Amino acid sequence: MVGVNSVILVVALGVFGNVLVTGAEEERALFELTLQGLDVVNYWLLQDGELPAFGAEIFRSLYKGYSFYFANSYNQEFFNAHKSKYVPEYGGYCAWAIADSSTLACIMREEWYIYQDRLFLFCNAEGKANWLQDPDTYIAQSDAFWVDKYGTLRDGPYNTGAFCNATV
């Protein structure tokens with residue numbers, strides 16, 4: 001017979017996808033799907049301007065209490081092995097808006113750029129073009145803002161669905 005404490009422990013911990021998480025983290029992750037389910041690993045397989053794939057709930061991983069979906073198990077495995085590499089900079093908010101005005105702005109999934117092995121997302125083509133004029137300066141400004149506000153580059157809020165247009 002299974003003891004009550006064992007049942008409570010299993011329920012409290014829960015197995016969520018391939019990751020063992022606490023009940024509170026699982027509950028938050030149910031409501032905190034990043035980037036409406038875009039596969040963040042998929043960006044590394046694309047040519048500039050191509051659209052990333054959406055993931056599926058069956059290929060879900062957690063990072064800092066947020067859910068990330070992947071298009072396949074390979075992308076999920078890459079993410080799980082190197083999470084800090086694949087999460088987008090500044091929580092997946094527009095890199096130009098953070099550099100220009102320290103604001104968390106929506107993104108367009110087709111406006112992205114990988115620079116110095118970091119994924120940057122943008123609110124529109126103009127913002128991306130502005131940012132590309134001097135990425136090192138804008139990264140330094142944005143990194144300083146983010147760390148000052150949230151503690152580290154990987155802390156802070158993650159974009160849980162703010163797209164600027166209907167390309168979803």
# chains A, B, ... in the order shown; residues from 1 in each chain; ligands from 1

$ residues_around --residues "range 66-80 of chain A" --least-positions-apart "4" --cutoff "7 Å" --atoms "only C-alpha atoms" --output "list in words"
Ala29, Glu32, Leu33, Thr34, Gly37, Leu38, Asp39, Val41, Ala53, Phe54, Gly55, Ala56, Glu57, Phe59, Arg60, Ser61, Leu62 and Tyr86 of chain A

$ write_last_selection --atoms "N, CA, C and O atoms" --output "CSV table (one decimal), in the first residue's frame"
chain,number,residue,atom,x,y,z
A,29,ALA,N,4.0,27.4,-15.3
A,29,ALA,CA,4.4,27.1,-16.7
A,29,ALA,C,3.1,26.8,-17.6
A,29,ALA,O,3.1,27.0,-18.8
A,32,GLU,N,2.3,30.2,-18.8
A,32,GLU,CA,3.4,31.1,-19.3
A,32,GLU,C,4.1,30.5,-20.5
A,32,GLU,O,5.3,30.2,-20.4
A,33,LEU,N,3.4,30.3,-21.6
A,33,LEU,CA,4.0,29.8,-22.8
A,33,LEU,C,4.8,30.9,-23.5
A,33,LEU,O,4.2,31.9,-23.9
A,34,THR,N,6.0,30.7,-23.7
A,34,THR,CA,6.8,31.8,-24.3
A,34,THR,C,6.6,31.8,-25.8
A,34,THR,O,6.4,30.8,-26.5
A,37,GLY,N,4.6,29.7,-28.4
A,37,GLY,CA,5.0,28.4,-28.8
A,37,GLY,C,6.0,28.3,-29.9
A,37,GLY,O,6.3,27.2,-30.5
A,38,LEU,N,6.6,29.4,-30.3
A,38,LEU,CA,7.7,29.4,-31.3
A,38,LEU,C,8.8,28.5,-30.8
A,38,LEU,O,9.2,28.5,-29.7
A,39,ASP,N,9.4,27.7,-31.7
A,39,ASP,CA,10.5,26.8,-31.4
A,39,ASP,C,11.8,27.7,-31.5
A,39,ASP,O,12.3,28.0,-32.6
A,41,VAL,N,14.9,27.0,-30.9
A,41,VAL,CA,16.1,26.3,-31.5
A,41,VAL,C,16.0,26.4,-33.0
A,41,VAL,O,17.0,26.5,-33.7
A,53,ALA,N,9.5,27.7,-36.9
A,53,ALA,CA,8.4,26.8,-36.7
A,53,ALA,C,7.8,27.0,-35.4
A,53,ALA,O,8.4,27.4,-34.4
A,54,PHE,N,6.5,26.7,-35.3
A,54,PHE,CA,5.9,26.6,-34.0
A,54,PHE,C,6.1,25.2,-33.4
A,54,PHE,O,6.2,24.2,-34.2
A,55,GLY,N,6.2,25.1,-32.1
A,55,GLY,CA,6.4,23.8,-31.5
A,55,GLY,C,5.1,23.2,-31.1
A,55,GLY,O,4.0,23.7,-31.4
A,56,ALA,N,5.2,22.0,-30.4
A,56,ALA,CA,4.0,21.3,-30.0
A,56,ALA,C,4.1,21.0,-28.5
A,56,ALA,O,5.2,20.8,-28.0
A,57,GLU,N,3.0,21.0,-27.8
A,57,GLU,CA,3.0,20.7,-26.4
A,57,GLU,C,3.7,19.4,-26.0
A,57,GLU,O,4.3,19.3,-25.0
A,59,PHE,N,6.3,18.4,-27.1
A,59,PHE,CA,7.8,18.6,-27.0
A,59,PHE,C,8.0,19.9,-26.1
A,59,PHE,O,8.4,20.9,-26.6
A,60,ARG,N,7.6,19.8,-24.9
A,60,ARG,CA,7.7,21.0,-24.0
A,60,ARG,C,8.8,20.9,-23.0
A,60,ARG,O,9.0,19.8,-22.4
A,61,SER,N,9.5,22.0,-22.8
A,61,SER,CA,10.6,22.0,-21.8
A,61,SER,C,10.3,23.3,-20.9
A,61,SER,O,9.7,24.2,-21.4
A,62,LEU,N,10.9,23.3,-19.7
A,62,LEU,CA,10.7,24.4,-18.8
A,62,LEU,C,12.1,25.1,-18.7
A,62,LEU,O,13.1,24.5,-18.7
A,86,TYR,N,20.0,28.9,-26.1
A,86,TYR,CA,18.8,29.0,-27.1
A,86,TYR,C,17.7,30.0,-26.6
A,86,TYR,O,16.9,30.4,-27.5

$ residues_around --residues "Ile107 in chain A" --least-positions-apart "6" --cutoff "10 Å" --atoms "only C-alpha atoms" --output "PyMOL selection string"
chain A and resi 35+92-95+97+121-124+159+161-165

$ select_by_dssp --residues "range 26-134 of chain A" --states "alpha helix (DSSP H)" --output "ChimeraX atom specification"
/A:26-31,73-81,83-86,95-101,125-132

$ residues_around --residues "Gln116 in chain A" --least-positions-apart "3" --cutoff "12 Å" --atoms "only C-alpha atoms" --output "number ranges by chain"
A: 85, 89, 113, 119-120, 135-136, 139

$ residues_around --residues "range 47-51 of chain A" --least-positions-apart "4" --cutoff "10 Å" --atoms "only C-alpha atoms" --output "ChimeraX atom specification"
/A:38,42-43,108-114,125,167-168

$ select_by_dssp --residues "range 41-156 of chain A" --states "strand (DSSP E)" --output "ChimeraX atom specification"
/A:56-63,66-70,112-115,118-121

$ closest_residue --among "A:Ala105, A:Pro88, A:Trp96, A:Gly151" --to "Ala129 in chain A" --atoms "only C-alpha atoms"
A:Trp96

$ closest_residue --among "A:Tyr90, A:Tyr63, A:Trp44, A:Tyr158" --to "Ala144 in chain A" --atoms "only C-alpha atoms"
A:Tyr90
